[in-house]
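Visitor: Below is one structure. I have some questions about it.
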Amino acid sequence: MITMLAASMSPVGAGLVIIGAGFGIGILWAMGLQGMSRQPEMQSKLQVSMIIGAALIEGTALFALVVCLISK
């Protein structure tokens, strides 16, 4: 019974992972663009930080997605 419930909830967990990653990257880029508009001279440093942050969010989301799909 428990394994059937866990298997049926895996797609829900996977969907939540994708939604969370999307919100995280969206907030990251919004704040980065806001920072660039306030201080244009920091654009190159902010872009590098934003790309690294987005990669970390994507990596975490991919790991969580794999865990959700393995638990089937």
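In the structure tokens, chains take the letters A, B, ... in the order shown, each chain's residues start at 1, and ligands count up from 1 in the order shown.
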Could you list, as a VMD selection string, every residue within 12 Å of range 17-22 of chain A, counting only C-alpha atoms and ignoring same-chain residues fewer than 5 positions away?

Guide: chain A and resid 10 to 12 27 to 29 53 to 69

Visitor: Can you pull out the residues contacting range 33-36 of chain A? Cut-off 10 Å, using only C-alpha atoms, and skip same-chain residues under 5 positions away; I want them as a VMD selection string.

Guide: chain A and resid 27 to 28 41 to 47 50

Visitor: What gap, in Å, lies between CA of Gly13 in chain A and CA of Ile25 in chain A?

Guide: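 The value is 18.4 Å.
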